[in-house]
Amino acid sequence: MNRLLVLVLILFSISCKDGSHEASNKDTLVYLDAMASVEDRIEDLMSRMTLEDKVYQMCQYVGLEHMKHAENNITAADLEKNDALGFYPGMLSKDVAQLAREGKIGSFLHVVTPEEANELQKLAQESPLKIPLLIGIDAIHGNGLVSGSTIYPSPISQAATFDDALIQEGSRQTALEMRANGMHWSFTPNIDVLRDPRWGRTGETYGEDPYLVGNMGIATIKGLQSNDFTGEESVIACAKHLIAGSSSINGLNASPTDVSERTLFEIFLPPYRRAVQEANVFSIMAAHNEVAGMPGHMDKFMMNDLLRDRWGFKGFYVSDWNDVSRIALWHHVAKDFKQAIEFSVNAGMDMNMHGPVFDKLLIELVKEGKVDQSRVDYACRKILEAKFKLGLFENPFVDIDKAKALNFTEAHQKVALEQARRSIVLQKNKAQFLPLSGNGNGKTIFITGPNADNQTTLGDWVSPQPEENIVTILEGLTALGEKNGYKINYFDSGDRSKEITDANIETAAQKAKQADICVLVLGENSFRHDWKRKTTGENIDRATLKLSGNQMKLADKILAQGKPVIVVYVSGSPIAEPWLEQRVAAVVNTWESGAFAGQATAEVIFGEVNPSGKLPLTIPRSVGQLQMVYNHKPTAYIHKYNTEKKVPLHPFGFGLSYAKFELSEPKLSKTAFNGKDDEVIVEVSVNNISNVDGEEVVQLYIRDDISSYTRPLKELKGYKRILVKAGKTETVQIPITAESLAMYDKDFNFVVEPGDFIIMTGNSSADKDLNKVTLSVADGFIIEKVN
């Protein structure tokens with residue numbers, strides 16, 4: 001009897017490992033044992049999976065409610081070019097639900113309620129292996145597609161804070177709100193280094209500087225993932241888009257990029273290397289575009305040879321929307337979807353966003369020997385690793401009440417407000433017109449403009465939020481204005497720039513004539529729910545940097561009344577209107593500063609907050625100056641334009657304050673740098689010579705004076721935000737490491753060459769704002785060698 005029992009147990013054990021899905025008791029399944037190691041759990045589960053099961057983990061679909069909405073709003077013919085809405089012709093939501101029930105879907109995106117997240121996980125629990133779903137969402141600056149979430153300032157606004165720790169804390173809070181609502185994977189940060197501000201996704205980036213972009217990206221990743229995203233309070237981050245889509249040949253999203261390998265390594269790739277090596281980002285998204293003829297979704301050098309083999313990326317790649325299919329449909333370098341899958345998966349792609357057929361064709365490719373099963377095994381292993389570390393096998397469901405309680409908590413609101421305060425850049429303040437006096441004495445402030453009283457302040461990747469959660473510019477100015485003794489008069493001259501009528505402009509002018517001060521709330525609109533009236537944002541690119549629609553016509557008419565005018569810009573994209581800025585009393589650039597944009601803006605205008613934001617990009621005078629970046633090469637401006645100045649409207653790193661600071665010349669802890677592990681400390685004293693407390697951002701730039709390849713005239717390599725009380729002096733210290741001095745040599749080894757380096761410190765990138773000292777390197781050395 002005992003021998004028979006032993007034989008039965010042996011046969012049962014074998015059957016559990018032959019891919020037949022048979023399992024009767026949790027105690028016999030290592031992958032369901034929370035006490036087992038993640039590696040052992042993965043090995044056990046994969047031993048029970050067929051080729052088909054593994055491929056299914058590589059498949060992502062849009063949520064069922066999203067499908068239903070998309071079916072009613074776009075046609076099947078629109079699907080190819082639409083990157084916001086998706087459904088599957090010939091399939092209903094119940095068909096996709098059945099696939100989830102059968103274990104044939106590994107991930108969903110665009111699931112925006114905890115109720116739907118739970119319902120999908122319930123379907124997955126009915127599958128033979130009960131593998132939970134990985135639910136991704138574009139939580140770009142807060143979990144903005146979910147109603148009631150905390151909406152932080154958009155990435156370009158966050159970059160203007162130059163405050164890494166504050167951005168990391170906001171991302172940590174976003175992770176908490178995501179997990180409470182059933183989401184585990186955020187498609188952020190966008191660490192594209194901006195080179196062309198015509199690009200509609202400018203507001204989704206951290207600006208034009210590789211170092212700043214890298215720092216902000218690392219802060220975001222660490223906030224979302226914590227140490228290794230283990231547990232129920234962290235999510236996976238996704239660095240995107242690999243690579244250089246922000247420098248397309250015509251400023252249009254998904255258009256070709258044609259840059260040199262050196263430019264890729266010097267400008268676009270540094271944030272990715274750092275995201276992998278310093279923040280352990282666990283997913284990376286490929287780019288829509290091609291670079292020098294190679295579509296991003298089949299770029300083996302980028303995905304595998306460089307990021308995986310050289311830089312040590314340990315996570316998985318996901319496609320962007322339908323871009324694997326677009327290898328054939330758009331780029332015409334594959335004959336059909338099947339061959340596109342072959343090229344993409346062999347290059348390193350691990351998950352397809354989104355839809356059917358991918359699984360069937362990939363299975364065929366493996367069986368035909370065109371894709372090695374090891375590629376599928378790797379992809380499946382990494383996706384399962386994410387699910388195990390996130391704790392989804394133990395608890396894939398969320399508490400609906402907890403989700404509602406955790407969204408928009410007081411602590412989260414405070415961080416969102418503080419980010420908004422520190423992101424606002426004061427671009428002009430003629431004769432110290434601002435801040436407005438705390439005693440209005442009944443003066444009238446007239447407010448108008450398309451962004452004055454709506455949710456355009458929230459930016460892209462946000463759905464309409466509860467009105468009680470949002471402070472518009474008008475609401476903020478009204479509350480503080482009336483508190484300070486001003487009368488507020490508002491006129492809705494049109495809430496979208498292209499719909500401002502001549503009649504409304506005339507009415508606005510008449511009201512301005514009766515006021516003491518006018519506030520024009522101008523800018524652009526990237527609000528996703530209002531797609532047809534967007535003027536910037538994803539897939540809405542700009543052929544000009546001027547204000548859209550009739551905004552300048554409105555501004556001219558208001559200015560003609562002879563009253564002092566304050567311009568408030570609300571936009572994720574820079575506005576280049578020199579003639580407007582020349583005539584107004586003040587320009588306050590609020591970017592897209594989130595839920596509390598109105599409160600933060602009002603606090604700055606009325607002096608409760610001293611502005612301290614700095615520009616994370618160069619603002620040109622016109623689109624004709626492009627490309628215009630601060631970190632340009634030495635010969636960029638040898639000659640002049642015929643009809644345009646060759647200096648920007650505002651330089652990178654610029655931002656005014658109500659305080660006045662004097663920065664000392666930099667002092668070096670030593671004047672010679674010696675070897676890979678050396679460090680030099682730069683010390684700068686900041687003296688506040690005004691009677692107003694203020695925060696200043698001390699910036700450190702470096703130039704390699706003589707180099708084997710041309711180098712930028714200056715590159716940001718450090719910064720420090722510091723509060724200096726009125727009449728006081730504070731000292732900041734910023735380290736210079738070997739990486740601060742490094743460049744790529746002829747073989748693309750990462751090296752420090754011997755010679756002199758010019759160290760520059762100040763409060764903007766403009767030469768007039770910088771003090772200089774020299775640091776020497778006697779002997780060059782290699783930091784990272786090509787394998």
# chains A, B, ... in the order shown; residues from 1 in each chain; ligands from 1
>>> residues_around(residues="Val684 in chain A", least_positions_apart="3", cutoff="9 Å", atoms="only C-alpha atoms", output="PyMOL selection string")
chain A and resi 663-667+698+730-734+761-762
>>> residues_around(residues="range 384-390 of chain A", least_positions_apart="2", cutoff="7 Å", atoms="only C-alpha atoms", output="compact mmCIF listing (two decimals) with all heavy atoms, in the first residue's frame")
# COMPACT_ATOMS: atom_id res chain seq x y z
N VAL A 38 11.82 34.48 -4.80
CA VAL A 38 11.24 34.88 -6.08
C VAL A 38 11.80 34.01 -7.20
O VAL A 38 11.06 33.56 -8.08
CB VAL A 38 11.50 36.37 -6.36
CG1 VAL A 38 11.13 36.74 -7.80
CG2 VAL A 38 10.71 37.25 -5.39
N ILE A 42 9.62 31.62 -9.66
CA ILE A 42 9.63 31.77 -11.12
C ILE A 42 9.96 30.44 -11.79
O ILE A 42 9.28 30.03 -12.75
CB ILE A 42 10.64 32.85 -11.54
CG1 ILE A 42 10.19 34.24 -11.06
CG2 ILE A 42 10.79 32.88 -13.07
CD1 ILE A 42 11.22 35.32 -11.25
N LEU A 134 -0.75 42.20 -14.68
CA LEU A 134 0.03 43.41 -14.44
C LEU A 134 -0.72 44.55 -15.11
O LEU A 134 -0.89 44.56 -16.32
CB LEU A 134 1.43 43.25 -15.04
CG LEU A 134 2.44 44.37 -14.78
CD1 LEU A 134 2.76 44.46 -13.30
CD2 LEU A 134 3.71 44.12 -15.59
N PHE A 229 10.96 47.77 -5.90
CA PHE A 229 9.51 47.68 -6.11
C PHE A 229 8.86 46.48 -5.43
O PHE A 229 7.74 46.08 -5.76
CB PHE A 229 9.14 47.74 -7.60
CG PHE A 229 9.64 46.61 -8.49
CD1 PHE A 229 8.94 45.42 -8.61
CD2 PHE A 229 10.80 46.77 -9.21
CE1 PHE A 229 9.39 44.40 -9.41
CE2 PHE A 229 11.27 45.76 -10.03
CZ PHE A 229 10.57 44.56 -10.14
N THR A 230 9.52 45.89 -4.45
CA THR A 230 8.94 44.77 -3.71
C THR A 230 7.86 45.27 -2.76
O THR A 230 8.04 46.29 -2.09
CB THR A 230 10.03 44.03 -2.92
OG1 THR A 230 10.96 43.47 -3.84
CG2 THR A 230 9.43 42.93 -2.07
N GLY A 231 6.76 44.53 -2.69
CA GLY A 231 5.71 44.86 -1.73
C GLY A 231 4.52 45.54 -2.37
O GLY A 231 4.41 45.65 -3.58
N GLU A 232 3.62 46.03 -1.52
CA GLU A 232 2.34 46.55 -1.97
C GLU A 232 2.27 48.07 -1.96
O GLU A 232 1.19 48.64 -2.11
CB GLU A 232 1.21 45.97 -1.10
CG GLU A 232 1.10 44.45 -1.22
CD GLU A 232 -0.08 43.88 -0.45
OE1 GLU A 232 -0.79 44.66 0.21
OE2 GLU A 232 -0.29 42.66 -0.53
N CYS A 380 9.09 36.28 -20.45
CA CYS A 380 8.14 35.75 -19.48
C CYS A 380 8.72 35.80 -18.07
O CYS A 380 8.04 36.20 -17.11
CB CYS A 380 7.77 34.31 -19.85
SG CYS A 380 6.62 33.53 -18.70
N ARG A 381 9.98 35.42 -17.94
CA ARG A 381 10.63 35.41 -16.63
C ARG A 381 10.61 36.80 -15.99
O ARG A 381 10.32 36.95 -14.81
CB ARG A 381 12.07 34.91 -16.78
CG ARG A 381 12.88 34.88 -15.50
CD ARG A 381 14.29 34.36 -15.77
NE ARG A 381 14.24 33.01 -16.28
CZ ARG A 381 14.15 31.91 -15.53
NH1 ARG A 381 14.11 32.05 -14.21
NH2 ARG A 381 14.12 30.73 -16.07
N LYS A 382 10.93 37.83 -16.78
CA LYS A 382 10.98 39.19 -16.24
C LYS A 382 9.59 39.70 -15.86
O LYS A 382 9.43 40.41 -14.86
CB LYS A 382 11.65 40.13 -17.24
CG LYS A 382 13.14 39.87 -17.40
CD LYS A 382 13.87 40.06 -16.07
CE LYS A 382 15.33 39.72 -16.15
NZ LYS A 382 16.02 39.92 -14.84
N LEU A 392 1.56 40.32 -6.19
CA LEU A 392 0.26 40.11 -6.83
C LEU A 392 -0.25 38.68 -6.67
O LEU A 392 -1.46 38.45 -6.69
CB LEU A 392 0.34 40.47 -8.32
CG LEU A 392 0.73 41.92 -8.62
CD1 LEU A 392 0.70 42.19 -10.12
CD2 LEU A 392 -0.18 42.89 -7.89
N PHE A 393 0.66 37.73 -6.54
CA PHE A 393 0.20 36.35 -6.34
C PHE A 393 -0.46 36.18 -4.98
O PHE A 393 -1.34 35.34 -4.82
CB PHE A 393 1.37 35.38 -6.50
CG PHE A 393 1.72 35.08 -7.92
CD1 PHE A 393 2.57 35.92 -8.63
CD2 PHE A 393 1.21 33.96 -8.58
CE1 PHE A 393 2.88 35.66 -9.95
CE2 PHE A 393 1.52 33.69 -9.90
CZ PHE A 393 2.36 34.55 -10.59
>>> residues_around(residues="Tyr272 in chain A", least_positions_apart="6", cutoff="8 Å", atoms="only C-alpha atoms", output="JSON, numbers by chain")
{"A": [191, 214, 239]}
>>> write_last_selection(atoms="all heavy atoms", output="compact mmCIF listing (two decimals), in the first residue's frame")
# COMPACT_ATOMS: atom_id res chain seq x y z
N ILE A 191 12.19 60.32 -20.26
CA ILE A 191 13.53 60.90 -20.14
C ILE A 191 14.12 61.24 -21.51
O ILE A 191 15.33 61.25 -21.70
CB ILE A 191 14.48 60.01 -19.31
CG1 ILE A 191 14.52 58.58 -19.83
CG2 ILE A 191 14.06 60.04 -17.84
CD1 ILE A 191 15.52 57.70 -19.08
N GLY A 214 18.30 63.44 -16.37
CA GLY A 214 18.71 62.24 -15.65
C GLY A 214 18.36 62.30 -14.19
O GLY A 214 17.84 61.33 -13.61
N ALA A 239 11.08 53.85 -18.15
CA ALA A 239 11.82 54.92 -18.84
C ALA A 239 11.45 54.89 -20.32
O ALA A 239 11.42 53.84 -20.94
CB ALA A 239 13.32 54.72 -18.65
>>> residues_around(residues="range 349-360 of chain A", least_positions_apart="2", cutoff="7 Å", atoms="only C-alpha atoms", output="list in words")
Val55, Tyr56, Met58, Cys59, Gln60, Tyr61, Val62, Tyr88, Phe316, Tyr317, Val318, Ser319, Asp320, Trp321, Asn322, Ser344, Val345, Ala347, Leu362, Ile363, Glu364 and Ala379 of chain A
>>> atom_distance(atom1="CA of Ser526 in chain A", atom2="CA of Thr456 in chain A")
6.9 Å
>>> atom_distance(atom1="CA of Asp399 in chain A", atom2="CA of Asn469 in chain A")
22.3 Å
>>> residues_around(residues="Ile284 in chain A", least_positions_apart="4", cutoff="12 Å", atoms="only C-alpha atoms", output="PyMOL selection string")
chain A and resi 185-192+221+236-243+272-273+275-276+280+296-297+302-304+307-308+313-320+348-351
>>> residues_around(residues="range 473-487 of chain A", least_positions_apart="2", cutoff="6 Å", atoms="only C-alpha atoms", output="PyMOL selection string")
chain A and resi 438-444+452-453+471+598-599+602
>>> residues_around(residues="Ala672 in chain A", least_positions_apart="6", cutoff="9 Å", atoms="only C-alpha atoms", output="VMD selection string")
chain A and resid 680 775 to 778
>>> closest_residue(among="A:Leu85, A:Ala411, A:Ile488, A:Val567", to="Trp531 in chain A", atoms="only C-alpha atoms")
A:Leu85
>>> atom_distance(atom1="CA of Ser463 in chain A", atom2="CA of Glu169 in chain A")
22.4 Å
>>> select_by_dssp(residues="range 214-453 of chain A", states="strand (DSSP E)", output="ChimeraX atom specification")
/A:238-242,283-286,290-291,294-295,316-318,352-353,425-429,444-448
>>> decode(residues="range 308-426 of chain A", atoms="C-alpha atoms", output="PDB file, in the first residue's frame")
ATOM      1  CA  ARG A 308      21.396  45.134 -21.597  1.00  0.00           C
ATOM      2  CA  ASP A 309      24.903  43.937 -22.360  1.00  0.00           C
ATOM      3  CA  ARG A 310      26.973  47.079 -21.749  1.00  0.00           C
ATOM      4  CA  TRP A 311      24.946  48.973 -19.150  1.00  0.00           C
ATOM      5  CA  GLY A 312      23.304  46.048 -17.353  1.00  0.00           C
ATOM      6  CA  PHE A 313      19.559  46.598 -17.817  1.00  0.00           C
ATOM      7  CA  LYS A 314      17.815  43.790 -15.896  1.00  0.00           C
ATOM      8  CA  GLY A 315      14.182  44.518 -16.683  1.00  0.00           C
ATOM      9  CA  PHE A 316      11.902  44.165 -19.710  1.00  0.00           C
ATOM     10  CA  TYR A 317      10.982  46.206 -22.772  1.00  0.00           C
ATOM     11  CA  VAL A 318       7.453  47.148 -23.759  1.00  0.00           C
ATOM     12  CA  SER A 319       6.346  48.498 -27.104  1.00  0.00           C
ATOM     13  CA  ASP A 320       4.621  51.846 -27.433  1.00  0.00           C
ATOM     14  CA  TRP A 321       0.969  51.418 -28.400  1.00  0.00           C
ATOM     15  CA  ASN A 322       0.791  49.523 -31.749  1.00  0.00           C
ATOM     16  CA  ASP A 323       4.369  50.184 -32.759  1.00  0.00           C
ATOM     17  CA  VAL A 324       5.427  46.599 -33.400  1.00  0.00           C
ATOM     18  CA  SER A 325       2.840  46.415 -36.165  1.00  0.00           C
ATOM     19  CA  ARG A 326       4.022  49.824 -37.414  1.00  0.00           C
ATOM     20  CA  ILE A 327       7.407  48.346 -38.296  1.00  0.00           C
ATOM     21  CA  ALA A 328       5.500  47.113 -41.332  1.00  0.00           C
ATOM     22  CA  LEU A 329       2.640  49.622 -41.569  1.00  0.00           C
ATOM     23  CA  TRP A 330       4.620  52.836 -41.118  1.00  0.00           C
ATOM     24  CA  HIS A 331       8.304  52.098 -41.589  1.00  0.00           C
ATOM     25  CA  HIS A 332       7.984  49.541 -44.389  1.00  0.00           C
ATOM     26  CA  VAL A 333      10.972  47.460 -43.287  1.00  0.00           C
ATOM     27  CA  ALA A 334       8.914  44.311 -42.694  1.00  0.00           C
ATOM     28  CA  LYS A 335       6.483  42.696 -45.095  1.00  0.00           C
ATOM     29  CA  ASP A 336       3.732  42.102 -42.509  1.00  0.00           C
ATOM     30  CA  PHE A 337       2.920  41.991 -38.802  1.00  0.00           C
ATOM     31  CA  LYS A 338       4.442  38.545 -38.396  1.00  0.00           C
ATOM     32  CA  GLN A 339       7.813  39.605 -39.742  1.00  0.00           C
ATOM     33  CA  ALA A 340       7.622  42.794 -37.670  1.00  0.00           C
ATOM     34  CA  ILE A 341       7.176  40.630 -34.546  1.00  0.00           C
ATOM     35  CA  GLU A 342      10.154  38.521 -35.594  1.00  0.00           C
ATOM     36  CA  PHE A 343      12.374  41.595 -35.952  1.00  0.00           C
ATOM     37  CA  SER A 344      11.156  43.235 -32.744  1.00  0.00           C
ATOM     38  CA  VAL A 345      11.287  40.249 -30.385  1.00  0.00           C
ATOM     39  CA  ASN A 346      14.672  39.159 -31.710  1.00  0.00           C
ATOM     40  CA  ALA A 347      15.935  42.699 -31.066  1.00  0.00           C
ATOM     41  CA  GLY A 348      14.840  42.488 -27.421  1.00  0.00           C
ATOM     42  CA  MET A 349      11.138  43.394 -27.195  1.00  0.00           C
ATOM     43  CA  ASP A 350       9.369  41.620 -24.325  1.00  0.00           C
ATOM     44  CA  MET A 351       5.765  42.841 -24.316  1.00  0.00           C
ATOM     45  CA  ASN A 352       3.395  44.004 -27.034  1.00  0.00           C
ATOM     46  CA  MET A 353       1.209  47.014 -26.328  1.00  0.00           C
ATOM     47  CA  HIS A 354      -1.518  46.107 -27.287  1.00  0.00           C
ATOM     48  CA  GLY A 355      -4.018  43.699 -28.811  1.00  0.00           C
ATOM     49  CA  PRO A 356      -4.639  40.292 -30.429  1.00  0.00           C
ATOM     50  CA  VAL A 357      -2.813  38.253 -33.105  1.00  0.00           C
ATOM     51  CA  PHE A 358       0.637  38.960 -31.601  1.00  0.00           C
ATOM     52  CA  ASP A 359       0.461  35.762 -29.542  1.00  0.00           C
ATOM     53  CA  LYS A 360      -0.582  33.517 -32.419  1.00  0.00           C
ATOM     54  CA  LEU A 361       2.110  34.852 -34.746  1.00  0.00           C
ATOM     55  CA  LEU A 362       4.896  34.736 -32.140  1.00  0.00           C
ATOM     56  CA  ILE A 363       4.066  31.118 -31.319  1.00  0.00           C
ATOM     57  CA  GLU A 364       4.315  30.309 -35.031  1.00  0.00           C
ATOM     58  CA  LEU A 365       7.665  32.100 -35.263  1.00  0.00           C
ATOM     59  CA  VAL A 366       9.101  30.081 -32.391  1.00  0.00           C
ATOM     60  CA  LYS A 367       7.883  26.801 -33.868  1.00  0.00           C
ATOM     61  CA  GLU A 368       9.347  27.807 -37.238  1.00  0.00           C
ATOM     62  CA  GLY A 369      12.723  28.510 -35.616  1.00  0.00           C
ATOM     63  CA  LYS A 370      12.681  32.200 -36.529  1.00  0.00           C
ATOM     64  CA  VAL A 371      12.538  33.303 -32.889  1.00  0.00           C
ATOM     65  CA  ASP A 372      14.441  31.313 -30.291  1.00  0.00           C
ATOM     66  CA  GLN A 373      12.334  30.166 -27.355  1.00  0.00           C
ATOM     67  CA  SER A 374      14.987  31.601 -25.034  1.00  0.00           C
ATOM     68  CA  ARG A 375      13.739  35.061 -26.020  1.00  0.00           C
ATOM     69  CA  VAL A 376      10.212  34.142 -24.946  1.00  0.00           C
ATOM     70  CA  ASP A 377      11.524  32.550 -21.745  1.00  0.00           C
ATOM     71  CA  TYR A 378      13.475  35.699 -20.869  1.00  0.00           C
ATOM     72  CA  ALA A 379      10.486  37.965 -21.450  1.00  0.00           C
ATOM     73  CA  CYS A 380       8.138  35.747 -19.478  1.00  0.00           C
ATOM     74  CA  ARG A 381      10.633  35.410 -16.630  1.00  0.00           C
ATOM     75  CA  LYS A 382      10.982  39.188 -16.239  1.00  0.00           C
ATOM     76  CA  ILE A 383       7.236  39.811 -16.349  1.00  0.00           C
ATOM     77  CA  LEU A 384       6.678  37.097 -13.729  1.00  0.00           C
ATOM     78  CA  GLU A 385       9.454  38.581 -11.596  1.00  0.00           C
ATOM     79  CA  ALA A 386       7.547  41.857 -11.548  1.00  0.00           C
ATOM     80  CA  LYS A 387       4.331  40.140 -10.523  1.00  0.00           C
ATOM     81  CA  PHE A 388       5.993  38.154  -7.735  1.00  0.00           C
ATOM     82  CA  LYS A 389       7.891  41.135  -6.305  1.00  0.00           C
ATOM     83  CA  LEU A 390       4.795  43.309  -6.393  1.00  0.00           C
ATOM     84  CA  GLY A 391       2.988  40.712  -4.271  1.00  0.00           C
ATOM     85  CA  LEU A 392       0.258  40.112  -6.832  1.00  0.00           C
ATOM     86  CA  PHE A 393       0.199  36.351  -6.345  1.00  0.00           C
ATOM     87  CA  GLU A 394      -0.628  36.891  -2.673  1.00  0.00           C
ATOM     88  CA  ASN A 395      -3.165  39.660  -3.171  1.00  0.00           C
ATOM     89  CA  PRO A 396      -4.151  40.821  -6.648  1.00  0.00           C
ATOM     90  CA  PHE A 397      -7.233  42.685  -5.370  1.00  0.00           C
ATOM     91  CA  VAL A 398      -7.661  46.131  -3.808  1.00  0.00           C
ATOM     92  CA  ASP A 399      -9.991  47.526  -1.174  1.00  0.00           C
ATOM     93  CA  ILE A 400     -12.341  49.959  -2.917  1.00  0.00           C
ATOM     94  CA  ASP A 401     -12.878  52.033   0.216  1.00  0.00           C
ATOM     95  CA  LYS A 402      -9.125  52.296   0.817  1.00  0.00           C
ATOM     96  CA  ALA A 403      -8.646  53.553  -2.726  1.00  0.00           C
ATOM     97  CA  LYS A 404     -11.112  56.356  -2.225  1.00  0.00           C
ATOM     98  CA  ALA A 405      -9.594  57.248   1.141  1.00  0.00           C
ATOM     99  CA  LEU A 406      -6.004  57.348  -0.136  1.00  0.00           C
ATOM    100  CA  ASN A 407      -6.618  59.465  -3.242  1.00  0.00           C
ATOM    101  CA  PHE A 408      -5.922  63.180  -2.768  1.00  0.00           C
ATOM    102  CA  THR A 409      -4.952  62.945   0.891  1.00  0.00           C
ATOM    103  CA  GLU A 410      -3.833  66.055   2.757  1.00  0.00           C
ATOM    104  CA  ALA A 411      -0.203  64.943   2.722  1.00  0.00           C
ATOM    105  CA  HIS A 412      -0.322  64.443  -1.043  1.00  0.00           C
ATOM    106  CA  GLN A 413      -1.986  67.803  -1.555  1.00  0.00           C
ATOM    107  CA  LYS A 414       0.804  69.532   0.371  1.00  0.00           C
ATOM    108  CA  VAL A 415       3.502  68.059  -1.867  1.00  0.00           C
ATOM    109  CA  ALA A 416       1.560  68.920  -5.036  1.00  0.00           C
ATOM    110  CA  LEU A 417       1.184  72.508  -3.811  1.00  0.00           C
ATOM    111  CA  GLU A 418       4.854  72.808  -2.869  1.00  0.00           C
ATOM    112  CA  GLN A 419       5.912  71.496  -6.280  1.00  0.00           C
ATOM    113  CA  ALA A 420       3.669  74.106  -7.903  1.00  0.00           C
ATOM    114  CA  ARG A 421       5.124  76.911  -5.791  1.00  0.00           C
ATOM    115  CA  ARG A 422       8.709  76.004  -6.658  1.00  0.00           C
ATOM    116  CA  SER A 423       8.008  75.413 -10.356  1.00  0.00           C
ATOM    117  CA  ILE A 424       6.709  78.903 -11.188  1.00  0.00           C
ATOM    118  CA  VAL A 425       9.249  81.003 -13.100  1.00  0.00           C
ATOM    119  CA  LEU A 426       9.103  84.779 -12.933  1.00  0.00           C
TER     120      LEU A 426
END
